[in-house]
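Data file: upload.txt. Format and content: compact mmCIF, N, CA and C atoms.
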```txt
# COMPACT_ATOMS: atom_id res chain seq x y z
N MET A 20 27.67 -1.90 -35.77
CA MET A 20 27.18 -1.98 -37.14
C MET A 20 28.28 -1.59 -38.10
N PRO A 21 28.29 -2.19 -39.26
CA PRO A 21 29.29 -1.79 -40.24
C PRO A 21 29.04 -0.38 -40.75
N LYS A 22 30.11 0.32 -41.06
CA LYS A 22 29.99 1.69 -41.57
C LYS A 22 29.15 1.74 -42.83
N PHE A 23 29.26 0.70 -43.63
CA PHE A 23 28.52 0.63 -44.89
C PHE A 23 27.02 0.79 -44.66
N ALA A 24 26.49 0.20 -43.58
CA ALA A 24 25.05 0.25 -43.33
C ALA A 24 24.59 1.70 -43.14
N PHE A 25 25.32 2.48 -42.36
CA PHE A 25 24.95 3.88 -42.14
C PHE A 25 25.18 4.72 -43.39
N GLU A 26 26.27 4.46 -44.12
CA GLU A 26 26.52 5.20 -45.36
C GLU A 26 25.38 4.96 -46.35
N ASP A 27 24.95 3.70 -46.45
CA ASP A 27 23.86 3.33 -47.35
C ASP A 27 22.57 4.01 -46.92
N MET A 28 22.28 3.98 -45.62
CA MET A 28 21.06 4.60 -45.11
C MET A 28 21.03 6.10 -45.44
N TRP A 29 22.10 6.83 -45.13
CA TRP A 29 22.13 8.28 -45.38
C TRP A 29 22.04 8.60 -46.86
N GLN A 30 22.70 7.83 -47.68
CA GLN A 30 22.65 8.07 -49.13
C GLN A 30 21.21 7.94 -49.63
N ILE A 31 20.52 6.91 -49.17
CA ILE A 31 19.15 6.66 -49.62
C ILE A 31 18.19 7.71 -49.10
N ILE A 32 18.23 8.02 -47.80
CA ILE A 32 17.25 8.97 -47.26
C ILE A 32 17.52 10.40 -47.72
N LYS A 33 18.77 10.74 -47.97
CA LYS A 33 19.06 12.08 -48.50
C LYS A 33 18.56 12.24 -49.93
N SER A 34 18.39 11.12 -50.63
CA SER A 34 17.86 11.18 -52.00
C SER A 34 16.33 11.23 -52.00
N GLY A 35 15.72 11.19 -50.80
CA GLY A 35 14.27 11.27 -50.70
C GLY A 35 13.58 9.93 -50.70
N LYS A 36 14.33 8.85 -50.72
CA LYS A 36 13.75 7.50 -50.70
C LYS A 36 13.73 6.96 -49.27
N THR A 37 13.03 5.85 -49.08
CA THR A 37 12.94 5.21 -47.77
C THR A 37 13.97 4.10 -47.67
N TRP A 38 14.71 4.07 -46.58
CA TRP A 38 15.69 3.02 -46.29
C TRP A 38 15.06 2.05 -45.32
N GLU A 39 15.31 0.75 -45.51
CA GLU A 39 14.84 -0.29 -44.60
C GLU A 39 16.01 -1.19 -44.23
N GLY A 40 16.09 -1.56 -42.96
CA GLY A 40 17.14 -2.46 -42.56
C GLY A 40 17.17 -2.68 -41.06
N TYR A 41 18.10 -3.53 -40.65
CA TYR A 41 18.27 -3.87 -39.23
C TYR A 41 19.30 -2.93 -38.62
N VAL A 42 18.94 -2.38 -37.46
CA VAL A 42 19.79 -1.40 -36.79
C VAL A 42 20.07 -1.86 -35.37
N LYS A 43 21.33 -1.78 -35.00
CA LYS A 43 21.75 -2.06 -33.64
C LYS A 43 22.05 -0.72 -32.99
N ASN A 44 21.22 -0.34 -32.02
CA ASN A 44 21.33 0.97 -31.37
C ASN A 44 21.95 0.86 -29.99
N LEU A 45 22.65 1.90 -29.61
CA LEU A 45 23.27 1.99 -28.29
C LEU A 45 22.30 2.65 -27.31
N ARG A 46 22.08 2.00 -26.16
CA ARG A 46 21.23 2.57 -25.12
C ARG A 46 22.05 3.49 -24.22
N LYS A 47 21.36 4.28 -23.39
CA LYS A 47 22.05 5.18 -22.46
C LYS A 47 22.94 4.41 -21.49
N ASP A 48 22.52 3.18 -21.11
CA ASP A 48 23.30 2.39 -20.16
C ASP A 48 24.44 1.63 -20.83
N ARG A 49 24.71 1.96 -22.10
CA ARG A 49 25.80 1.39 -22.92
C ARG A 49 25.49 -0.02 -23.42
N GLY A 50 24.29 -0.52 -23.16
CA GLY A 50 23.84 -1.79 -23.74
C GLY A 50 23.31 -1.53 -25.14
N TYR A 51 22.87 -2.57 -25.81
CA TYR A 51 22.38 -2.46 -27.17
C TYR A 51 20.98 -3.02 -27.30
N TYR A 52 20.28 -2.54 -28.33
CA TYR A 52 19.01 -3.13 -28.71
C TYR A 52 18.89 -3.12 -30.23
N TRP A 53 18.16 -4.08 -30.76
CA TRP A 53 17.99 -4.24 -32.19
C TRP A 53 16.57 -3.84 -32.61
N VAL A 54 16.45 -3.24 -33.78
CA VAL A 54 15.15 -2.96 -34.38
C VAL A 54 15.26 -3.15 -35.90
N TYR A 55 14.13 -3.45 -36.50
CA TYR A 55 14.01 -3.36 -37.95
C TYR A 55 13.42 -1.99 -38.21
N ALA A 56 14.10 -1.15 -38.97
CA ALA A 56 13.69 0.24 -39.13
C ALA A 56 13.41 0.58 -40.59
N GLN A 57 12.42 1.46 -40.75
CA GLN A 57 12.14 2.10 -42.02
C GLN A 57 12.35 3.59 -41.77
N VAL A 58 13.33 4.18 -42.46
CA VAL A 58 13.71 5.57 -42.22
C VAL A 58 13.45 6.37 -43.50
N SER A 59 12.81 7.52 -43.32
CA SER A 59 12.53 8.37 -44.48
C SER A 59 12.68 9.85 -44.11
N THR A 60 12.74 10.68 -45.15
CA THR A 60 12.91 12.11 -44.98
C THR A 60 11.55 12.78 -44.82
N VAL A 61 11.47 13.72 -43.90
CA VAL A 61 10.26 14.54 -43.73
C VAL A 61 10.49 15.83 -44.52
N MET A 62 9.58 16.10 -45.44
CA MET A 62 9.73 17.26 -46.32
C MET A 62 8.68 18.33 -45.98
N LYS A 63 9.07 19.60 -46.17
CA LYS A 63 8.13 20.72 -46.04
C LYS A 63 8.48 21.73 -47.12
N ASP A 64 7.51 22.05 -47.91
CA ASP A 64 7.71 22.98 -49.03
C ASP A 64 8.86 22.52 -49.94
N GLY A 65 8.94 21.21 -50.14
CA GLY A 65 9.94 20.64 -51.02
C GLY A 65 11.35 20.57 -50.45
N LYS A 66 11.50 20.88 -49.15
CA LYS A 66 12.82 20.85 -48.52
C LYS A 66 12.82 19.88 -47.34
N PRO A 67 13.93 19.17 -47.16
CA PRO A 67 13.99 18.25 -46.01
C PRO A 67 14.08 19.02 -44.69
N ILE A 68 13.24 18.63 -43.72
CA ILE A 68 13.27 19.29 -42.41
C ILE A 68 13.58 18.31 -41.29
N GLY A 69 13.68 17.04 -41.61
CA GLY A 69 13.98 16.04 -40.58
C GLY A 69 13.82 14.63 -41.14
N TYR A 70 13.89 13.68 -40.24
CA TYR A 70 13.79 12.28 -40.62
C TYR A 70 12.87 11.57 -39.63
N LYS A 71 12.19 10.53 -40.11
CA LYS A 71 11.34 9.74 -39.24
C LYS A 71 11.69 8.27 -39.40
N SER A 72 11.46 7.53 -38.33
CA SER A 72 11.78 6.11 -38.34
C SER A 72 10.63 5.32 -37.73
N ILE A 73 10.19 4.31 -38.44
CA ILE A 73 9.21 3.37 -37.92
C ILE A 73 9.99 2.11 -37.59
N ARG A 74 9.84 1.63 -36.36
CA ARG A 74 10.67 0.51 -35.88
C ARG A 74 9.82 -0.66 -35.43
N GLU A 75 10.37 -1.85 -35.63
CA GLU A 75 9.71 -3.07 -35.19
C GLU A 75 10.72 -3.90 -34.41
N PRO A 76 10.24 -4.67 -33.41
CA PRO A 76 11.15 -5.55 -32.66
C PRO A 76 11.75 -6.63 -33.58
N VAL A 77 12.87 -7.19 -33.15
CA VAL A 77 13.57 -8.23 -33.91
C VAL A 77 13.68 -9.48 -33.05
N SER A 78 13.42 -10.64 -33.63
CA SER A 78 13.50 -11.90 -32.88
C SER A 78 14.96 -12.22 -32.53
N LYS A 79 15.14 -13.04 -31.52
CA LYS A 79 16.48 -13.45 -31.10
C LYS A 79 17.23 -14.13 -32.25
N GLU A 80 16.53 -14.97 -32.98
CA GLU A 80 17.16 -15.68 -34.11
C GLU A 80 17.62 -14.70 -35.18
N LYS A 81 16.79 -13.71 -35.48
CA LYS A 81 17.14 -12.72 -36.50
C LYS A 81 18.31 -11.85 -36.02
N LYS A 82 18.33 -11.49 -34.72
CA LYS A 82 19.44 -10.72 -34.17
C LYS A 82 20.75 -11.46 -34.39
N MET A 83 20.75 -12.77 -34.10
CA MET A 83 21.98 -13.56 -34.26
C MET A 83 22.39 -13.62 -35.72
N GLU A 84 21.42 -13.81 -36.61
CA GLU A 84 21.71 -13.87 -38.05
C GLU A 84 22.30 -12.56 -38.55
N ILE A 85 21.69 -11.45 -38.19
CA ILE A 85 22.15 -10.15 -38.67
C ILE A 85 23.48 -9.78 -38.01
N GLN A 86 23.65 -10.13 -36.72
CA GLN A 86 24.93 -9.84 -36.06
C GLN A 86 26.07 -10.55 -36.78
N ASN A 87 25.85 -11.81 -37.16
CA ASN A 87 26.88 -12.55 -37.90
C ASN A 87 27.19 -11.90 -39.24
N LEU A 88 26.15 -11.47 -39.94
CA LEU A 88 26.34 -10.79 -41.22
C LEU A 88 27.10 -9.48 -41.02
N TYR A 89 26.70 -8.68 -40.03
CA TYR A 89 27.36 -7.40 -39.77
C TYR A 89 28.82 -7.62 -39.34
N ASP A 90 29.07 -8.68 -38.57
CA ASP A 90 30.45 -8.99 -38.18
C ASP A 90 31.31 -9.29 -39.41
N GLU A 91 30.76 -10.03 -40.36
CA GLU A 91 31.49 -10.32 -41.60
C GLU A 91 31.80 -9.03 -42.36
N LEU A 92 30.81 -8.15 -42.45
CA LEU A 92 31.01 -6.89 -43.16
C LEU A 92 32.03 -6.01 -42.45
N ARG A 93 31.96 -5.97 -41.11
CA ARG A 93 32.94 -5.19 -40.35
C ARG A 93 34.34 -5.74 -40.52
N LEU A 94 34.46 -7.06 -40.56
CA LEU A 94 35.77 -7.68 -40.75
C LEU A 94 36.37 -7.22 -42.07
N LYS A 95 35.54 -7.18 -43.10
CA LYS A 95 36.02 -6.72 -44.41
C LYS A 95 36.38 -5.24 -44.38
N GLU A 96 35.60 -4.45 -43.64
CA GLU A 96 35.84 -3.00 -43.56
C GLU A 96 37.07 -2.66 -42.73
N GLU A 97 37.17 -3.27 -41.57
CA GLU A 97 38.17 -2.85 -40.59
C GLU A 97 39.20 -3.90 -40.24
N ASN A 98 39.01 -5.09 -40.80
CA ASN A 98 39.87 -6.21 -40.45
C ASN A 98 39.79 -6.51 -38.94
N GLN A 99 38.59 -6.29 -38.37
CA GLN A 99 38.34 -6.56 -36.96
C GLN A 99 37.01 -7.30 -36.85
N VAL A 100 36.86 -8.08 -35.80
CA VAL A 100 35.61 -8.77 -35.54
C VAL A 100 35.48 -8.96 -34.03
N ARG A 101 34.26 -9.09 -33.55
CA ARG A 101 34.05 -9.35 -32.13
C ARG A 101 33.30 -10.66 -31.97
N VAL A 102 33.33 -11.21 -30.79
CA VAL A 102 32.66 -12.48 -30.51
C VAL A 102 31.45 -12.20 -29.64
N VAL A 103 30.32 -12.81 -29.99
CA VAL A 103 29.09 -12.66 -29.21
C VAL A 103 28.69 -14.04 -28.72
N LEU A 104 28.41 -14.13 -27.44
CA LEU A 104 27.99 -15.40 -26.85
C LEU A 104 26.61 -15.21 -26.25
N TYR A 105 25.65 -16.03 -26.65
CA TYR A 105 24.31 -15.99 -26.09
C TYR A 105 24.16 -17.14 -25.11
N ILE A 106 23.78 -16.84 -23.89
CA ILE A 106 23.62 -17.85 -22.86
C ILE A 106 22.14 -17.94 -22.51
N ASP A 107 21.61 -19.15 -22.54
CA ASP A 107 20.22 -19.38 -22.16
C ASP A 107 20.14 -19.36 -20.65
N SER A 108 19.60 -18.28 -20.08
CA SER A 108 19.58 -18.10 -18.62
C SER A 108 18.69 -19.11 -17.92
N THR A 109 17.80 -19.76 -18.67
CA THR A 109 16.94 -20.77 -18.04
C THR A 109 17.69 -22.08 -17.78
N LYS A 110 18.87 -22.23 -18.35
CA LYS A 110 19.64 -23.48 -18.19
C LYS A 110 20.87 -23.31 -17.31
N ILE A 111 20.97 -22.16 -16.63
CA ILE A 111 22.09 -21.93 -15.74
C ILE A 111 21.74 -22.45 -14.36
N ASP A 112 22.67 -23.20 -13.77
CA ASP A 112 22.42 -23.76 -12.42
C ASP A 112 22.50 -22.70 -11.38
```
Step by step, read the file and then write its structure as structure tokens.
Amino acid sequence: MPKFAFEDMWQIIKSGKTWEGYVKNLRKDRGYYWVYAQVSTVMKDGKPIGYKSIREPVSKEKKMEIQNLYDELRLKEENQVRVVLYIDSTKID
């Protein structure tokens, strides 16, 4: 994910507002999974005590669309990009 996405998320949730967006998370096995997340601050007695996230699955088409967008943003940030290839396993001999 581009650094901008996390910077934007933290800036918004620290201000007490809810952030919404697509997140690519790292699994324990070093693979990735995508979610659409709504992240907000949990408050107690007017002070932040934590954060909560409501997540929804993301379609394959949306993953590809957002990955391309994030790759463009990362290229601008770091002058680096990676290539992702999706193979339809039902068409492999």
Which of chain A DSSP labels strand (DSSP E), written as JSON, numbers by chain
{"A": [38, 39, 40, 41, 42, 43, 44, 45, 51, 52, 53, 54, 55, 56, 57, 58, 59, 60, 61, 62, 63, 66, 67, 68, 69, 70, 71, 72, 73, 74, 75]}
So that I can check the surroundings of segment 53-57 of chain A, please list as a VMD selection string every protein, DNA and RNA residue that reaches within 12 Å of it, counting only C-alpha atoms and ignoring chain neighbours fewer than 4 positions away. chain A and resid 20 28 31 to 32 36 to 46 70 to 86
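If you look at atom CA of Pro21 of chain A and atom CA of Gly50 of chain A, they are 17.4 Å away from each other.
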Residue set, chain A restricted to helix (DSSP H, G or I), as a PDB file with N, CA and C atoms, keeping the file's coordinate frame:
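Contents of out38.pdb, as written:
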```pdb
ATOM      1  N   LYS A  22      30.110   0.320 -41.060  1.00  0.00           N
ATOM      2  CA  LYS A  22      29.990   1.690 -41.570  1.00  0.00           C
ATOM      3  C   LYS A  22      29.150   1.740 -42.830  1.00  0.00           C
ATOM      4  N   PHE A  23      29.260   0.700 -43.630  1.00  0.00           N
ATOM      5  CA  PHE A  23      28.520   0.630 -44.890  1.00  0.00           C
ATOM      6  C   PHE A  23      27.020   0.790 -44.660  1.00  0.00           C
ATOM      7  N   ALA A  24      26.490   0.200 -43.580  1.00  0.00           N
ATOM      8  CA  ALA A  24      25.050   0.250 -43.330  1.00  0.00           C
ATOM      9  C   ALA A  24      24.590   1.700 -43.140  1.00  0.00           C
ATOM     10  N   PHE A  25      25.320   2.480 -42.360  1.00  0.00           N
ATOM     11  CA  PHE A  25      24.950   3.880 -42.140  1.00  0.00           C
ATOM     12  C   PHE A  25      25.180   4.720 -43.390  1.00  0.00           C
ATOM     13  N   GLU A  26      26.270   4.460 -44.120  1.00  0.00           N
ATOM     14  CA  GLU A  26      26.520   5.200 -45.360  1.00  0.00           C
ATOM     15  C   GLU A  26      25.380   4.960 -46.350  1.00  0.00           C
ATOM     16  N   ASP A  27      24.950   3.700 -46.450  1.00  0.00           N
ATOM     17  CA  ASP A  27      23.860   3.330 -47.350  1.00  0.00           C
ATOM     18  C   ASP A  27      22.570   4.010 -46.920  1.00  0.00           C
ATOM     19  N   MET A  28      22.280   3.980 -45.620  1.00  0.00           N
ATOM     20  CA  MET A  28      21.060   4.600 -45.110  1.00  0.00           C
ATOM     21  C   MET A  28      21.030   6.100 -45.440  1.00  0.00           C
ATOM     22  N   TRP A  29      22.100   6.830 -45.130  1.00  0.00           N
ATOM     23  CA  TRP A  29      22.130   8.280 -45.380  1.00  0.00           C
ATOM     24  C   TRP A  29      22.040   8.600 -46.860  1.00  0.00           C
ATOM     25  N   GLN A  30      22.700   7.830 -47.680  1.00  0.00           N
ATOM     26  CA  GLN A  30      22.650   8.070 -49.130  1.00  0.00           C
ATOM     27  C   GLN A  30      21.210   7.940 -49.630  1.00  0.00           C
ATOM     28  N   ILE A  31      20.520   6.910 -49.170  1.00  0.00           N
ATOM     29  CA  ILE A  31      19.150   6.660 -49.620  1.00  0.00           C
ATOM     30  C   ILE A  31      18.190   7.710 -49.100  1.00  0.00           C
ATOM     31  N   ILE A  32      18.230   8.020 -47.800  1.00  0.00           N
ATOM     32  CA  ILE A  32      17.250   8.970 -47.260  1.00  0.00           C
ATOM     33  C   ILE A  32      17.520  10.400 -47.720  1.00  0.00           C
ATOM     34  N   LYS A  33      18.770  10.740 -47.970  1.00  0.00           N
ATOM     35  CA  LYS A  33      19.060  12.080 -48.500  1.00  0.00           C
ATOM     36  C   LYS A  33      18.560  12.240 -49.930  1.00  0.00           C
ATOM     37  N   LYS A  79      15.140 -13.040 -31.520  1.00  0.00           N
ATOM     38  CA  LYS A  79      16.480 -13.450 -31.100  1.00  0.00           C
ATOM     39  C   LYS A  79      17.230 -14.130 -32.250  1.00  0.00           C
ATOM     40  N   GLU A  80      16.530 -14.970 -32.980  1.00  0.00           N
ATOM     41  CA  GLU A  80      17.160 -15.680 -34.110  1.00  0.00           C
ATOM     42  C   GLU A  80      17.620 -14.700 -35.180  1.00  0.00           C
ATOM     43  N   LYS A  81      16.790 -13.710 -35.480  1.00  0.00           N
ATOM     44  CA  LYS A  81      17.140 -12.720 -36.500  1.00  0.00           C
ATOM     45  C   LYS A  81      18.310 -11.850 -36.020  1.00  0.00           C
ATOM     46  N   LYS A  82      18.330 -11.490 -34.720  1.00  0.00           N
ATOM     47  CA  LYS A  82      19.440 -10.720 -34.170  1.00  0.00           C
ATOM     48  C   LYS A  82      20.750 -11.460 -34.390  1.00  0.00           C
ATOM     49  N   MET A  83      20.750 -12.770 -34.100  1.00  0.00           N
ATOM     50  CA  MET A  83      21.980 -13.560 -34.260  1.00  0.00           C
ATOM     51  C   MET A  83      22.390 -13.620 -35.720  1.00  0.00           C
ATOM     52  N   GLU A  84      21.420 -13.810 -36.610  1.00  0.00           N
ATOM     53  CA  GLU A  84      21.710 -13.870 -38.050  1.00  0.00           C
ATOM     54  C   GLU A  84      22.300 -12.560 -38.550  1.00  0.00           C
ATOM     55  N   ILE A  85      21.690 -11.450 -38.190  1.00  0.00           N
ATOM     56  CA  ILE A  85      22.150 -10.150 -38.670  1.00  0.00           C
ATOM     57  C   ILE A  85      23.480  -9.780 -38.010  1.00  0.00           C
ATOM     58  N   GLN A  86      23.650 -10.130 -36.720  1.00  0.00           N
ATOM     59  CA  GLN A  86      24.930  -9.840 -36.060  1.00  0.00           C
ATOM     60  C   GLN A  86      26.070 -10.550 -36.780  1.00  0.00           C
ATOM     61  N   ASN A  87      25.850 -11.810 -37.160  1.00  0.00           N
ATOM     62  CA  ASN A  87      26.880 -12.550 -37.900  1.00  0.00           C
ATOM     63  C   ASN A  87      27.190 -11.900 -39.240  1.00  0.00           C
ATOM     64  N   LEU A  88      26.150 -11.470 -39.940  1.00  0.00           N
ATOM     65  CA  LEU A  88      26.340 -10.790 -41.220  1.00  0.00           C
ATOM     66  C   LEU A  88      27.100  -9.480 -41.020  1.00  0.00           C
ATOM     67  N   TYR A  89      26.700  -8.680 -40.030  1.00  0.00           N
ATOM     68  CA  TYR A  89      27.360  -7.400 -39.770  1.00  0.00           C
ATOM     69  C   TYR A  89      28.820  -7.620 -39.340  1.00  0.00           C
ATOM     70  N   ASP A  90      29.070  -8.680 -38.570  1.00  0.00           N
ATOM     71  CA  ASP A  90      30.450  -8.990 -38.180  1.00  0.00           C
ATOM     72  C   ASP A  90      31.310  -9.290 -39.410  1.00  0.00           C
ATOM     73  N   GLU A  91      30.760 -10.030 -40.360  1.00  0.00           N
ATOM     74  CA  GLU A  91      31.490 -10.320 -41.600  1.00  0.00           C
ATOM     75  C   GLU A  91      31.800  -9.030 -42.360  1.00  0.00           C
ATOM     76  N   LEU A  92      30.810  -8.150 -42.450  1.00  0.00           N
ATOM     77  CA  LEU A  92      31.010  -6.890 -43.160  1.00  0.00           C
ATOM     78  C   LEU A  92      32.030  -6.010 -42.450  1.00  0.00           C
ATOM     79  N   ARG A  93      31.960  -5.970 -41.110  1.00  0.00           N
ATOM     80  CA  ARG A  93      32.940  -5.190 -40.350  1.00  0.00           C
ATOM     81  C   ARG A  93      34.340  -5.740 -40.520  1.00  0.00           C
ATOM     82  N   LEU A  94      34.460  -7.060 -40.560  1.00  0.00           N
ATOM     83  CA  LEU A  94      35.770  -7.680 -40.750  1.00  0.00           C
ATOM     84  C   LEU A  94      36.370  -7.220 -42.070  1.00  0.00           C
ATOM     85  N   LYS A  95      35.540  -7.180 -43.100  1.00  0.00           N
ATOM     86  CA  LYS A  95      36.020  -6.720 -44.410  1.00  0.00           C
ATOM     87  C   LYS A  95      36.380  -5.240 -44.380  1.00  0.00           C
ATOM     88  N   GLU A  96      35.600  -4.450 -43.640  1.00  0.00           N
ATOM     89  CA  GLU A  96      35.840  -3.000 -43.560  1.00  0.00           C
ATOM     90  C   GLU A  96      37.070  -2.660 -42.730  1.00  0.00           C
ATOM     91  N   GLU A  97      37.170  -3.270 -41.570  1.00  0.00           N
ATOM     92  CA  GLU A  97      38.170  -2.850 -40.590  1.00  0.00           C
ATOM     93  C   GLU A  97      39.200  -3.900 -40.240  1.00  0.00           C
ATOM     94  N   SER A 108      19.600 -18.280 -20.080  1.00  0.00           N
ATOM     95  CA  SER A 108      19.580 -18.100 -18.620  1.00  0.00           C
ATOM     96  C   SER A 108      18.690 -19.110 -17.920  1.00  0.00           C
ATOM     97  N   THR A 109      17.800 -19.760 -18.670  1.00  0.00           N
ATOM     98  CA  THR A 109      16.940 -20.770 -18.040  1.00  0.00           C
ATOM     99  C   THR A 109      17.690 -22.080 -17.780  1.00  0.00           C
ATOM    100  N   LYS A 110      18.870 -22.230 -18.350  1.00  0.00           N
ATOM    101  CA  LYS A 110      19.640 -23.480 -18.190  1.00  0.00           C
ATOM    102  C   LYS A 110      20.870 -23.310 -17.310  1.00  0.00           C
TER     103      LYS A 110
END
```
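Interatomic distance, atom N of Lys22 of chain A against atom CA of Leu88 of chain A: 11.7 Å.
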message: With distances taken over all atoms listed in the file, which residue among A:Lys47, A:Thr60, A:Arg93, A:Phe23 lies nearest Gly35 of chain A?
response: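 Comparing A:Lys47, A:Thr60, A:Arg93, A:Phe23 against Gly35 of chain A, the winner is A:Thr60.
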Separation of atom N of Phe25 of chain A from atom CA of Leu94 of chain A in Å: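 Rounded to one decimal, the two atoms are 14.7 Å apart.
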Return as AutoDock Vina command-line options the box centre and box size in Å, one decimal, for an axis-aligned box around all listed atoms of segment 33-40 of chain A padded by 6 Å per side.
```
--center_x 16.0 --center_y 4.8 --center_z -46.5 --size_x 18.1 --size_y 26.9 --size_z 22.9
```
